[in-house]
Each structure stands twice: as C-alpha cells, then as structure tokens.
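This report refers to the structure that appears directly beneath it.
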Amino acid sequence: MTDLVRARRENMRWLLLNALNNARPLGAMDTLLLTVVQAIYPWCIYDDRSRSKF
C-alpha cells in the first residue's frame with residue numbers, strides 16, 4: 001500500500017514540476033497547480049483550515 005501512495009505522490013510532484021516549468025518565466029498561482037492535480041486526481045481539494053496559523 002505504501003508503494004502506491006509513494007507512486008501517487010511522486011506522480012503529483014512531476015505533474016507540478018512540469019506545470020511550473022511550462023509556466024516559466026511568469027510562474028503559476030496555486031489555483032492553477034491545484035487544477036493540474038485535480039485533472040488526474042479529482043478527490044484533491046484545497047482546505048485552508050489545514051494550514052497552521054502563525
């Protein structure tokens with residue numbers, strides 16, 4: 001099971017790196033990156049409550 005989780009995490013990492021590379025030199029906002037990941041993994045959501053408040 002952990003191999004599947006690791007493979008999914010690595011795939012997400014490559015998707016995001018490719019999206020950031022294609023968005024150069026302007027960069028990409030987090031909403032664009034979330035859309036890229038959601039195209040492959042639709043259950044991914046952005047939950048602002050999960051961020052720690054400092």
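Letters A, B, ... go to the chains of the structure tokens in the order shown; residues in each chain start at 1; ligands are counted from 1 in the same order.
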
What's around range 32-38 of chain A at 12 Å? Count only C-alpha atoms, leave out sequence neighbours fewer than 6 positions away in its own chain, and write the answer as a count of residues only.
20

Sel. of helix (DSSP H, G or I) residues, chain A, as a count of residues only
35
